[in-house]
Each structure stands twice: as structure tokens, then as C-alpha cells.
file start20.cif (mmCIF, C-alpha atoms)
data_data
#
loop_
_atom_site.group_PDB
_atom_site.id
_atom_site.type_symbol
_atom_site.label_atom_id
_atom_site.label_comp_id
_atom_site.auth_asym_id
_atom_site.auth_seq_id
_atom_site.Cartn_x
_atom_site.Cartn_y
_atom_site.Cartn_z
ATOM 1 C CA MET K 701 208.496 31.436 41.124
ATOM 2 C CA ALA K 702 208.256 34.479 38.846
ATOM 3 C CA ASP K 703 208.487 36.789 41.897
ATOM 4 C CA VAL K 704 211.519 34.887 43.203
ATOM 5 C CA GLY K 705 213.111 35.029 39.757
ATOM 6 C CA ARG K 706 212.621 38.795 39.466
ATOM 7 C CA LEU K 707 214.255 39.383 42.857
ATOM 8 C CA ALA K 708 217.163 37.040 42.038
ATOM 9 C CA GLY K 709 217.568 38.304 38.467
ATOM 10 C CA VAL K 710 216.867 34.895 36.872
ATOM 11 C CA THR K 711 214.021 33.161 35.054
ATOM 12 C CA ALA K 712 211.273 31.186 36.779
ATOM 13 C CA ARG K 713 212.732 28.070 35.107
ATOM 14 C CA THR K 714 216.052 28.660 36.879
ATOM 15 C CA VAL K 715 214.190 28.985 40.195
ATOM 16 C CA SER K 716 212.518 25.654 39.469
ATOM 17 C CA ASN K 717 215.884 24.051 38.710
ATOM 18 C CA VAL K 718 217.331 25.325 41.989
ATOM 19 C CA LEU K 719 214.384 24.024 44.047
ATOM 20 C CA SER K 720 214.575 20.684 42.242
ATOM 21 C CA ASP K 721 218.296 20.386 43.058
ATOM 22 C CA SER K 722 219.336 20.347 39.410
ATOM 23 C CA PRO K 723 223.144 20.075 39.063
ATOM 24 C CA SER K 724 223.080 22.403 36.038
ATOM 25 C CA VAL K 725 222.759 25.571 38.162
ATOM 26 C CA ARG K 726 225.944 27.472 39.016
ATOM 27 C CA PRO K 727 226.670 27.754 42.779
ATOM 28 C CA GLU K 728 226.491 31.573 42.821
ATOM 29 C CA THR K 729 223.128 31.514 41.009
ATOM 30 C CA ARG K 730 221.812 28.874 43.432
ATOM 31 C CA GLU K 731 222.851 30.992 46.404
ATOM 32 C CA ARG K 732 221.154 34.096 44.939
ATOM 33 C CA VAL K 733 217.909 32.207 44.313
ATOM 34 C CA LEU K 734 217.874 30.673 47.805
ATOM 35 C CA ARG K 735 218.374 34.127 49.334
ATOM 36 C CA ALA K 736 215.380 35.387 47.341
ATOM 37 C CA VAL K 737 213.316 32.382 48.444
ATOM 38 C CA GLU K 738 214.113 33.162 52.078
ATOM 39 C CA THR K 739 213.438 36.892 51.684
ATOM 40 C CA LEU K 740 210.025 36.327 50.085
ATOM 41 C CA GLY K 741 209.061 33.340 52.250
ATOM 42 C CA TYR K 742 208.299 31.319 49.121
ATOM 43 C CA ARG K 743 206.998 27.747 49.453
ATOM 44 C CA MET K 744 206.668 25.412 46.476
ATOM 45 C CA ASN K 745 203.089 24.469 45.546
ATOM 46 C CA THR K 746 203.408 20.699 45.905
ATOM 47 C CA SER K 747 199.856 20.078 44.667
ATOM 48 C CA ALA K 748 200.588 21.856 41.398
ATOM 49 C CA ARG K 749 203.887 20.006 41.022
ATOM 50 C CA SER K 750 202.083 16.705 41.645
ATOM 51 C CA LEU K 751 199.574 17.448 38.886
ATOM 52 C CA LYS K 752 202.386 18.213 36.465
ATOM 53 C CA THR K 753 204.713 15.313 37.286
ATOM 54 C CA GLY K 754 202.232 12.646 38.369
ATOM 55 C CA ARG K 755 204.261 12.215 41.588
ATOM 56 C CA THR K 756 203.214 13.114 45.116
ATOM 57 C CA GLY K 757 206.578 12.802 46.879
ATOM 58 C CA THR K 758 205.016 10.425 49.411
ATOM 59 C CA ILE K 759 204.697 6.664 49.803
ATOM 60 C CA THR K 760 202.418 4.652 52.073
ATOM 61 C CA LEU K 761 203.605 2.087 54.604
ATOM 62 C CA ALA K 762 200.817 -0.201 55.825
ATOM 63 C CA ILE K 763 201.635 -2.353 58.869
ATOM 64 C CA PRO K 764 199.528 -4.277 61.391
ATOM 65 C CA ASP K 765 200.339 -2.649 64.722
ATOM 66 C CA LEU K 766 202.715 0.142 65.772
ATOM 67 C CA GLY K 767 202.335 -1.103 69.359
ATOM 68 C CA ILE K 768 204.538 -4.072 68.451
ATOM 69 C CA GLU K 769 208.110 -2.843 68.643
ATOM 70 C CA TYR K 770 209.272 -4.675 65.531
ATOM 71 C CA PHE K 771 206.813 -2.724 63.375
ATOM 72 C CA SER K 772 207.665 0.660 64.904
ATOM 73 C CA ASP K 773 211.367 -0.108 64.399
ATOM 74 C CA LEU K 774 210.722 -1.222 60.810
ATOM 75 C CA ALA K 775 208.743 1.972 60.151
ATOM 76 C CA ARG K 776 211.621 4.088 61.470
ATOM 77 C CA ARG K 777 214.102 2.329 59.188
ATOM 78 C CA ILE K 778 211.845 2.656 56.129
ATOM 79 C CA ILE K 779 211.461 6.376 56.822
ATOM 80 C CA VAL K 780 215.254 6.731 56.953
ATOM 81 C CA GLU K 781 215.679 4.824 53.682
ATOM 82 C CA SER K 782 212.938 6.845 51.989
ATOM 83 C CA GLU K 783 214.677 10.113 52.811
ATOM 84 C CA ARG K 784 217.379 9.148 50.294
ATOM 85 C CA TYR K 785 214.745 9.514 47.573
ATOM 86 C CA ASP K 786 213.108 12.608 49.112
ATOM 87 C CA TRP K 787 210.012 10.561 49.896
ATOM 88 C CA ALA K 788 207.832 11.301 52.887
ATOM 89 C CA VAL K 789 206.163 8.231 54.427
ATOM 90 C CA VAL K 790 202.487 8.040 55.387
ATOM 91 C CA ILE K 791 201.876 5.217 57.881
ATOM 92 C CA GLU K 792 198.609 3.272 57.858
ATOM 93 C CA GLN K 793 197.929 0.934 60.790
ATOM 94 C CA THR K 794 195.613 -1.893 59.786
ATOM 95 C CA GLY K 795 195.135 -3.473 63.214
ATOM 96 C CA ALA K 796 195.692 -6.821 61.442
ATOM 97 C CA ARG K 797 192.031 -6.608 60.343
ATOM 98 C CA ARG K 798 191.073 -8.179 57.016
ATOM 99 C CA GLU K 799 188.706 -5.390 55.975
ATOM 100 C CA ALA K 800 191.342 -2.734 56.698
ATOM 101 C CA GLU K 801 193.968 -4.628 54.680
ATOM 102 C CA ILE K 802 191.606 -4.981 51.708
ATOM 103 C CA ALA K 803 190.834 -1.260 51.916
ATOM 104 C CA ILE K 804 194.554 -0.456 51.825
ATOM 105 C CA LEU K 805 195.096 -2.598 48.724
ATOM 106 C CA SER K 806 192.109 -1.469 46.724
ATOM 107 C CA GLY K 807 191.117 1.874 48.258
ATOM 108 C CA VAL K 808 191.372 5.392 46.891
ATOM 109 C CA ARG K 809 194.073 6.326 49.429
ATOM 110 C CA ARG K 810 196.635 4.483 47.312
ATOM 111 C CA GLN K 811 196.062 7.021 44.556
ATOM 112 C CA HIS K 812 197.431 9.768 46.788
ATOM 113 C CA SER K 813 200.941 8.317 47.099
ATOM 114 C CA ASP K 814 203.619 7.181 44.689
ATOM 115 C CA GLY K 815 203.617 3.589 45.954
ATOM 116 C CA LEU K 816 202.789 1.188 48.771
ATOM 117 C CA ILE K 817 204.924 -0.967 51.067
ATOM 118 C CA PHE K 818 202.517 -3.369 52.714
ATOM 119 C CA GLN K 819 202.823 -6.024 55.424
ATOM 120 C CA PRO K 820 199.542 -7.975 55.441
ATOM 121 C CA HIS K 821 198.482 -10.189 58.328
ATOM 122 C CA ALA K 822 194.861 -11.239 57.859
ATOM 123 C CA LEU K 823 194.818 -11.844 54.097
ATOM 124 C CA GLY K 824 195.419 -15.246 52.569
ATOM 125 C CA PRO K 825 195.380 -17.373 49.413
ATOM 126 C CA GLY K 826 192.787 -16.103 46.950
ATOM 127 C CA ASP K 827 193.056 -12.503 48.098
ATOM 128 C CA GLU K 828 195.380 -11.650 45.227
ATOM 129 C CA ARG K 829 192.256 -10.475 43.422
ATOM 130 C CA TYR K 830 192.483 -7.322 45.518
ATOM 131 C CA LEU K 831 195.935 -6.489 44.187
ATOM 132 C CA THR K 832 195.911 -3.409 41.986
ATOM 133 C CA GLY K 833 198.773 -1.209 40.880
ATOM 134 C CA GLY K 834 201.183 -4.100 41.323
ATOM 135 C CA ASP K 835 203.872 -2.089 39.606
ATOM 136 C CA ARG K 836 203.961 0.261 42.606
ATOM 137 C CA LEU K 837 203.588 -2.253 45.421
ATOM 138 C CA VAL K 838 206.058 -4.188 47.585
ATOM 139 C CA ILE K 839 204.777 -6.890 49.949
ATOM 140 C CA LEU K 840 206.633 -7.567 53.202
ATOM 141 C CA GLY K 841 206.464 -10.672 55.364
ATOM 142 C CA ASP K 842 205.356 -14.107 54.324
ATOM 143 C CA ARG K 843 204.037 -14.784 50.850
ATOM 144 C CA ILE K 844 200.412 -15.371 51.719
ATOM 145 C CA PHE K 845 199.240 -15.218 48.105
ATOM 146 C CA ASN K 846 200.813 -15.614 44.717
ATOM 147 C CA GLY K 847 200.325 -12.120 43.418
ATOM 148 C CA PRO K 848 202.533 -10.616 40.713
ATOM 149 C CA VAL K 849 204.332 -8.177 43.012
ATOM 150 C CA ASP K 850 207.776 -7.662 44.522
ATOM 151 C CA HIS K 851 208.216 -9.330 47.888
ATOM 152 C CA VAL K 852 210.683 -9.071 50.795
ATOM 153 C CA ALA K 853 210.530 -11.819 53.415
ATOM 154 C CA MET K 854 212.222 -13.220 56.514
ATOM 155 C CA ALA K 855 213.697 -16.692 56.805
ATOM 156 C CA ASN K 856 211.127 -17.485 59.494
ATOM 157 C CA THR K 857 211.334 -21.279 59.571
ATOM 158 C CA GLU K 858 215.120 -21.423 59.408
ATOM 159 C CA ALA K 859 215.506 -18.726 62.066
ATOM 160 C CA ALA K 860 213.073 -20.421 64.446
ATOM 161 C CA ALA K 861 214.899 -23.728 64.013
ATOM 162 C CA MET K 862 218.191 -21.914 64.721
ATOM 163 C CA ALA K 863 216.798 -20.436 67.950
ATOM 164 C CA THR K 864 215.407 -23.768 69.126
ATOM 165 C CA GLN K 865 218.605 -25.618 68.235
ATOM 166 C CA TYR K 866 220.608 -23.139 70.292
ATOM 167 C CA LEU K 867 218.486 -24.005 73.338
ATOM 168 C CA ILE K 868 218.928 -27.728 72.637
ATOM 169 C CA ASP K 869 222.696 -27.275 72.337
ATOM 170 C CA ARG K 870 222.701 -25.649 75.774
ATOM 171 C CA GLY K 871 221.201 -28.842 77.222
ATOM 172 C CA ARG K 872 217.547 -27.774 77.420
ATOM 173 C CA THR K 873 215.046 -30.547 76.755
ATOM 174 C CA ARG K 874 211.637 -29.234 77.925
ATOM 175 C CA ILE K 875 211.388 -26.340 75.474
ATOM 176 C CA ALA K 876 208.097 -24.486 75.195
ATOM 177 C CA ALA K 877 206.935 -22.136 72.432
ATOM 178 C CA ILE K 878 204.879 -18.950 72.829
ATOM 179 C CA GLY K 879 203.177 -17.304 69.856
ATOM 180 C CA SER K 880 201.203 -19.944 67.978
ATOM 181 C CA ASN K 881 197.976 -18.642 66.472
ATOM 182 C CA PRO K 882 195.710 -21.140 64.691
ATOM 183 C CA ARG K 883 193.264 -18.382 63.689
ATOM 184 C CA VAL K 884 195.779 -16.730 61.367
ATOM 185 C CA ASN K 885 196.068 -17.967 57.757
ATOM 186 C CA THR K 886 198.183 -21.074 57.320
ATOM 187 C CA VAL K 887 201.123 -19.175 55.820
ATOM 188 C CA SER K 888 202.101 -16.678 58.499
ATOM 189 C CA ALA K 889 205.017 -15.754 60.728
ATOM 190 C CA ALA K 890 203.346 -17.695 63.545
ATOM 191 C CA SER K 891 202.903 -20.887 61.529
ATOM 192 C CA LEU K 892 206.375 -20.732 59.971
ATOM 193 C CA ARG K 893 208.121 -20.105 63.295
ATOM 194 C CA LEU K 894 206.137 -22.921 64.885
ATOM 195 C CA GLU K 895 207.263 -25.219 62.072
ATOM 196 C CA GLY K 896 210.906 -24.250 62.618
ATOM 197 C CA TYR K 897 210.586 -24.972 66.340
ATOM 198 C CA ARG K 898 209.034 -28.371 65.641
ATOM 199 C CA GLN K 899 211.659 -29.257 63.043
ATOM 200 C CA ALA K 900 214.499 -28.696 65.500
ATOM 201 C CA MET K 901 212.734 -30.573 68.285
ATOM 202 C CA ARG K 902 211.960 -33.546 66.017
ATOM 203 C CA ALA K 903 215.547 -33.689 64.785
ATOM 204 C CA ALA K 904 216.739 -33.863 68.392
ATOM 205 C CA GLY K 905 214.174 -36.544 69.317
ATOM 206 C CA LEU K 906 212.456 -34.223 71.810
ATOM 207 C CA PRO K 907 208.688 -34.129 72.407
ATOM 208 C CA THR K 908 206.470 -31.100 71.725
ATOM 209 C CA PRO K 909 203.336 -31.738 73.812
ATOM 210 C CA ASP K 910 200.413 -29.445 73.065
ATOM 211 C CA GLU K 911 200.454 -27.887 76.524
ATOM 212 C CA ARG K 912 203.927 -26.483 75.851
ATOM 213 C CA ILE K 913 202.826 -24.682 72.659
ATOM 214 C CA VAL K 914 200.895 -21.638 73.849
ATOM 215 C CA VAL K 915 198.597 -19.587 71.626
ATOM 216 C CA ALA K 916 199.085 -15.813 71.661
ATOM 217 C CA GLU K 917 196.505 -14.181 69.398
ATOM 218 C CA GLU K 918 198.317 -10.863 69.804
ATOM 219 C CA TRP K 919 202.056 -10.520 70.352
ATOM 220 C CA HIS K 920 202.055 -7.905 73.092
ATOM 221 C CA LEU K 921 203.721 -7.859 76.535
ATOM 222 C CA ARG K 922 200.528 -8.947 78.292
ATOM 223 C CA ASP K 923 200.229 -11.972 76.004
ATOM 224 C CA GLY K 924 203.779 -13.111 76.752
ATOM 225 C CA ALA K 925 203.231 -12.644 80.486
ATOM 226 C CA ALA K 926 199.948 -14.608 80.435
ATOM 227 C CA ALA K 927 201.436 -17.412 78.325
ATOM 228 C CA MET K 928 204.374 -17.768 80.696
ATOM 229 C CA ALA K 929 201.998 -17.932 83.677
ATOM 230 C CA HIS K 930 200.241 -20.849 81.972
ATOM 231 C CA LEU K 931 203.552 -22.650 81.436
ATOM 232 C CA LEU K 932 204.606 -22.183 85.063
ATOM 233 C CA ASN K 933 201.397 -23.894 86.176
ATOM 234 C CA LEU K 934 202.123 -27.093 84.247
ATOM 235 C CA ASP K 935 202.937 -30.218 86.236
ATOM 236 C CA GLU K 936 206.330 -30.290 84.513
ATOM 237 C CA ARG K 937 207.642 -26.773 84.111
ATOM 238 C CA PRO K 938 209.649 -26.044 80.926
ATOM 239 C CA ASP K 939 213.360 -25.395 81.249
ATOM 240 C CA ALA K 940 213.382 -23.057 78.213
ATOM 241 C CA VAL K 941 210.954 -21.068 76.096
ATOM 242 C CA PHE K 942 211.179 -19.823 72.519
ATOM 243 C CA CYS K 943 209.004 -16.728 72.031
ATOM 244 C CA PHE K 944 207.909 -15.772 68.524
ATOM 245 C CA ASN K 945 208.846 -12.107 69.068
ATOM 246 C CA ASP K 946 210.833 -10.068 71.575
ATOM 247 C CA THR K 947 207.740 -8.413 73.035
ATOM 248 C CA LEU K 948 206.327 -11.805 74.036
ATOM 249 C CA ALA K 949 209.735 -12.748 75.468
ATOM 250 C CA ILE K 950 209.958 -9.611 77.606
ATOM 251 C CA GLY K 951 206.454 -10.303 78.952
ATOM 252 C CA ALA K 952 207.590 -13.848 79.763
ATOM 253 C CA LEU K 953 210.681 -12.517 81.575
ATOM 254 C CA HIS K 954 208.400 -10.390 83.772
ATOM 255 C CA THR K 955 206.278 -13.387 84.818
ATOM 256 C CA ILE K 956 209.355 -15.500 85.544
ATOM 257 C CA ALA K 957 210.818 -12.742 87.738
ATOM 258 C CA ILE K 958 207.681 -12.102 89.800
ATOM 259 C CA ASN K 959 207.456 -15.835 90.482
ATOM 260 C CA GLY K 960 210.917 -15.840 92.032
ATOM 261 C CA LEU K 961 212.616 -17.832 89.271
ATOM 262 C CA ARG K 962 215.919 -17.029 87.572
ATOM 263 C CA VAL K 963 216.796 -16.580 83.916
ATOM 264 C CA PRO K 964 218.612 -18.515 82.505
ATOM 265 C CA GLU K 965 219.354 -20.752 85.506
ATOM 266 C CA ASP K 966 215.764 -21.990 85.964
ATOM 267 C CA ILE K 967 214.314 -21.110 82.569
ATOM 268 C CA ALA K 968 216.178 -19.934 79.459
ATOM 269 C CA VAL K 969 214.329 -17.441 77.219
ATOM 270 C CA ILE K 970 214.949 -16.599 73.575
ATOM 271 C CA GLY K 971 213.087 -14.077 71.420
ATOM 272 C CA PHE K 972 212.819 -13.039 67.781
ATOM 273 C CA ASP K 973 213.338 -9.648 66.036
ATOM 274 C CA ASN K 974 216.325 -8.131 67.907
ATOM 275 C CA THR K 975 214.296 -5.032 68.751
ATOM 276 C CA PRO K 976 216.077 -2.095 70.440
ATOM 277 C CA THR K 977 214.565 -2.951 73.844
ATOM 278 C CA SER K 978 215.855 -6.535 73.788
ATOM 279 C CA GLN K 979 219.377 -5.571 74.827
ATOM 280 C CA TYR K 980 218.173 -3.457 77.770
ATOM 281 C CA CYS K 981 215.778 -5.846 79.545
ATOM 282 C CA SER K 982 216.938 -7.891 82.531
ATOM 283 C CA PRO K 983 218.692 -10.077 81.687
ATOM 284 C CA PRO K 984 219.481 -8.893 78.130
ATOM 285 C CA LEU K 985 217.578 -11.062 75.685
ATOM 286 C CA THR K 986 219.084 -13.653 73.364
ATOM 287 C CA THR K 987 217.173 -13.233 70.121
ATOM 288 C CA ILE K 988 217.027 -13.650 66.349
ATOM 289 C CA GLU K 989 218.162 -10.765 64.156
ATOM 290 C CA PRO K 990 215.838 -11.141 61.128
ATOM 291 C CA GLY K 991 217.593 -8.640 58.857
ATOM 292 C CA THR K 992 215.325 -5.642 59.498
ATOM 293 C CA ASP K 993 217.796 -3.213 57.936
ATOM 294 C CA GLN K 994 217.954 -5.330 54.783
ATOM 295 C CA ILE K 995 214.164 -5.550 54.656
ATOM 296 C CA ALA K 996 213.792 -1.758 54.835
ATOM 297 C CA LYS K 997 216.520 -1.114 52.224
ATOM 298 C CA HIS K 998 215.251 -3.704 49.750
ATOM 299 C CA ALA K 999 211.620 -2.619 50.109
ATOM 300 C CA VAL K 1000 212.313 1.066 49.437
ATOM 301 C CA ASN K 1001 214.789 0.348 46.606
ATOM 302 C CA MET K 1002 212.385 -2.052 44.883
ATOM 303 C CA LEU K 1003 209.526 0.425 45.150
ATOM 304 C CA TRP K 1004 211.705 3.242 43.791
ATOM 305 C CA ALA K 1005 212.650 1.100 40.807
ATOM 306 C CA ARG K 1006 208.989 0.301 40.043
ATOM 307 C CA VAL K 1007 207.876 3.910 40.389
ATOM 308 C CA ASN K 1008 210.625 4.858 37.954
ATOM 309 C CA GLY K 1009 209.593 2.389 35.291
ATOM 310 C CA ARG K 1010 211.389 -0.907 35.979
ATOM 311 C CA GLU K 1011 209.394 -3.571 34.110
ATOM 312 C CA ASP K 1012 211.236 -6.846 34.763
ATOM 313 C CA PRO K 1013 209.406 -9.745 36.478
ATOM 314 C CA PRO K 1014 208.592 -9.425 40.211
ATOM 315 C CA ARG K 1015 211.425 -10.347 42.565
ATOM 316 C CA GLU K 1016 211.463 -12.101 45.920
ATOM 317 C CA ILE K 1017 214.248 -11.343 48.410
ATOM 318 C CA ILE K 1018 214.730 -13.194 51.692
ATOM 319 C CA ALA K 1019 216.720 -11.267 54.283
ATOM 320 C CA ASP K 1020 219.615 -12.861 56.141
ATOM 321 C CA CYS K 1021 219.020 -13.910 59.751
ATOM 322 C CA SER K 1022 221.420 -14.517 62.630
ATOM 323 C CA LEU K 1023 221.442 -15.353 66.328
ATOM 324 C CA VAL K 1024 222.273 -12.572 68.792
ATOM 325 C CA VAL K 1025 223.547 -14.181 72.006
ATOM 326 C CA ARG K 1026 222.954 -12.374 75.298
ATOM 327 C CA ARG K 1027 222.439 -13.466 78.901
ATOM 328 C CA SER K 1028 218.896 -14.869 78.839
ATOM 329 C CA VAL K 1029 220.223 -18.233 77.575
#
call {"tool": "encode", "arguments": {"input": "start20.cif", "output": "C-alpha cells"}}
result
Amino acid sequence: MADVGRLAGVTARTVSNVLSDSPSVRPETRERVLRAVETLGYRMNTSARSLKTGRTGTITLAIPDLGIEYFSDLARRIIVESERYDWAVVIEQTGARREAEIAILSGVRRQHSDGLIFQPHALGPGDERYLTGGDRLVILGDRIFNGPVDHVAMANTEAAAMATQYLIDRGRTRIAAIGSNPRVNTVSAASLRLEGYRQAMRAAGLPTPDERIVVAEEWHLRDGAAAMAHLLNLDERPDAVFCFNDTLAIGALHTIAINGLRVPEDIAVIGFDNTPTSQYCSPPLTTIEPGTDQIAKHAVNMLWARVNGREDPPREIIADCSLVVRRSV
């Protein structure tokens, strides 16, 4: 900075103010300093700045699986939101493994970023003992433990009931569900969406036999395709299926097509997440928009407030959801 200052005819402090985007620097001085920076090829020593300020300029986003389109889309949106605060985002993929999630919460890697946005999958009640640095942590997804941290969630049960009710209103009576997972903790997206499906079916006086509720331990294309193959082999084929995410639904659409059936004429299909791909599959997928943009905005804003000293009690925000109607129903 001293070398840049000498070339620009200013102090090292003025160089620092320019590189920190301080509004106190006159435009002509800023331009002179930036020309000197370019001439000398100067790069700020971010490690030294981190030691001085206690900030790294990065945050960590920990999610289960980038192979699931919802999480890759969420990561993209969080990166965009973080740019407003000049934060870079380091992504950790936990694989939905309990030991990896515990390591994220309590490990040394958290010390190398300003804060953590974390979507757990395998943790459950009692695991709040692993929460540290709660002032710089935002939890996404379902509240699986009662830790003293900020939390941004989806309206999973209400949205699933909305999706199922839409199928009922279209005259479908043999509605299956793909995505149940009894091995996941009792408070999870899978369990809450299953409850919403059952609520709507009960209210309409429709049965939910076990064979129509298909377990998908992972929510990938292959799991949706395999689950749909199981449903097509039932003695009484369903006339509609609610899939717990869009990736499962697109896998189900593939199986329906290769078996010579039509969507929605023979089987209506509805998904969840309104991922970018959902509008381009064939036919375009009716789905739930869970408020992904809101989730990303709230998570980054809440973390920024904590990093900058906000000390009020933890908040919980539930994003708005809506139905996106396309041609698969």
C-alpha cells in the first residue's frame, strides 16, 4: 500500500480507503489510486486484513447434496445474495451423513469463515448440543432441534396438502405419494410432506393404502423412476402421484412415458420445489414453489445481521409457498 501511495501521491491510509470503497475519497483521488494499483499489479493481502478485522470475507453454506437440483439452485441464489455484502461462499456438501453434519457444526472449518448457513438432514432432537457459535449460524429447512439459532423454513405440510388438494379437485381419487423415508428423523421434509398429503386425503374421505406411499431414501431421478415402476405394477394403478421433489417427479415422468402411458390423461404428476428444469420437461411439471428466493434472502440477511452484532432473540421465518400450474396435471 505504501508503494501504491507513493506512485499515486497519497498516503497508505488513503489507498486503504479506496480499496475498502470508503465514500470519503474524492473521485479524482480514487481514479489516481486505482491507476497506480493497476500499474503496480497490487493485490490486497486478505490474510493480513482478516487478522486485523476478525473477518474473512467468506461464509460457509452446508447442504446435503448438490446433485439434487433444489440444493444447487438454492446455492446459486445464496451466492447471488451474498455478493451484496461482498461475501464469497464456500460450499460444503454433507452427503446427508450425520457425522459430516456434526463436523460442520463443531469443526475447525467454521473458524475460517464469518458465518454458517446450514441445512441439516441427518441430525435430530438432542443434537443441539453440537451447536456452537449460534450468533453466526442460520439453520435452513425443518426445525429438527430446539437450538437458540435463527431459522428459515418452508411451509412443508401446508404446501403438500395444497398439491394433493389440487389433484383431488381435478377429480383424481387414487393418488400415490413418492418420497417417504422412515429412516430420516421424525421432523423432516419427507415426514412433513407426507403428513400434508395424508391430511388432504383424509379431509376428502380418500384412502391412503401403504402400497401407494413409496419410500425413496434418496430423492434422485433414479429413485423417482423406480418408485413409479412399483406403482405401475400395482393391481390398481394410481391415477395421480404427488412427488416430494421435482427430481423424483421427472424420474416418474420418464417411467410413465416408457410404459406407453400419457400424462396427465392416464396419470397426473405433481412435484415440489419449482426447480428450473421443471418447466422444460415433457410435459412441463405442475409443482410447488416453496419460496426459494425468500429463503436465500432471509438466510443471508439474518447471518449478516448476526455477524454485525445483532443481539435480539433468534427468529424463525417461514417462506411463502404457492402452486405453479403446468401441463402435467
call {"tool": "resolve_selection", "arguments": {"input": "start20.cif", "expression": "the PyMOL selection byres ((chain K and resi 875) around 9)", "output": "list in words"}}
result
Thr864, Leu867, Ile868, Arg872, Thr873, Arg874, Ala876, Ala877, Met901, Leu906, Pro907, Thr908, Arg912, Pro938, Asp939, Ala940, Val941, Phe942 and Ala968 of chain K
call {"tool": "resolve_selection", "arguments": {"input": "start20.cif", "expression": "the PyMOL selection byres ((chain K and resi 838) around 9)", "output": "PDB file with C-alpha atoms, keeping the file's coordinate frame"}}
result
ATOM      1  CA  GLY K 815     203.617   3.589  45.954  1.00  0.00           C
ATOM      2  CA  LEU K 816     202.789   1.188  48.771  1.00  0.00           C
ATOM      3  CA  ILE K 817     204.924  -0.967  51.067  1.00  0.00           C
ATOM      4  CA  PHE K 818     202.517  -3.369  52.714  1.00  0.00           C
ATOM      5  CA  GLN K 819     202.823  -6.024  55.424  1.00  0.00           C
ATOM      6  CA  GLY K 834     201.183  -4.100  41.323  1.00  0.00           C
ATOM      7  CA  ASP K 835     203.872  -2.089  39.606  1.00  0.00           C
ATOM      8  CA  ARG K 836     203.961   0.261  42.606  1.00  0.00           C
ATOM      9  CA  LEU K 837     203.588  -2.253  45.421  1.00  0.00           C
ATOM     10  CA  ILE K 839     204.777  -6.890  49.949  1.00  0.00           C
ATOM     11  CA  LEU K 840     206.633  -7.567  53.202  1.00  0.00           C
ATOM     12  CA  VAL K 849     204.332  -8.177  43.012  1.00  0.00           C
ATOM     13  CA  ASP K 850     207.776  -7.662  44.522  1.00  0.00           C
ATOM     14  CA  HIS K 851     208.216  -9.330  47.888  1.00  0.00           C
ATOM     15  CA  VAL K 852     210.683  -9.071  50.795  1.00  0.00           C
ATOM     16  CA  ALA K 999     211.620  -2.619  50.109  1.00  0.00           C
ATOM     17  CA  VAL K1000     212.313   1.066  49.437  1.00  0.00           C
ATOM     18  CA  MET K1002     212.385  -2.052  44.883  1.00  0.00           C
ATOM     19  CA  LEU K1003     209.526   0.425  45.150  1.00  0.00           C
TER      20      LEU K1003
END
call {"tool": "atom_distance", "arguments": {"input": "start20.cif", "atom1": "atom CA of K:Asp973", "atom2": "atom CA of K:Arg777"}}
result
13.8 Å
call {"tool": "closest_residue", "arguments": {"input": "start20.cif", "among": "K:Arg776, K:Arg937, K:Arg713, K:Arg735", "to": "K:Ala996", "atoms": "only C-alpha atoms"}}
result
K:Arg776
call {"tool": "closest_residue", "arguments": {"input": "start20.cif", "among": "K:Gln865, K:Leu734, K:Thr947, K:Tyr830", "to": "K:Gly905", "atoms": "all atoms listed in the file"}}
result
K:Gln865
call {"tool": "residues_near_point", "arguments": {"input": "start20.cif", "point": "(217.3, -13.1, 68.2)", "cutoff": "12 Å", "atoms": "only C-alpha atoms", "output": "VMD selection string"}}
result
chain K and resid 770 856 859 to 864 866 942 to 947 949 969 to 979 984 to 992 1021 to 1029
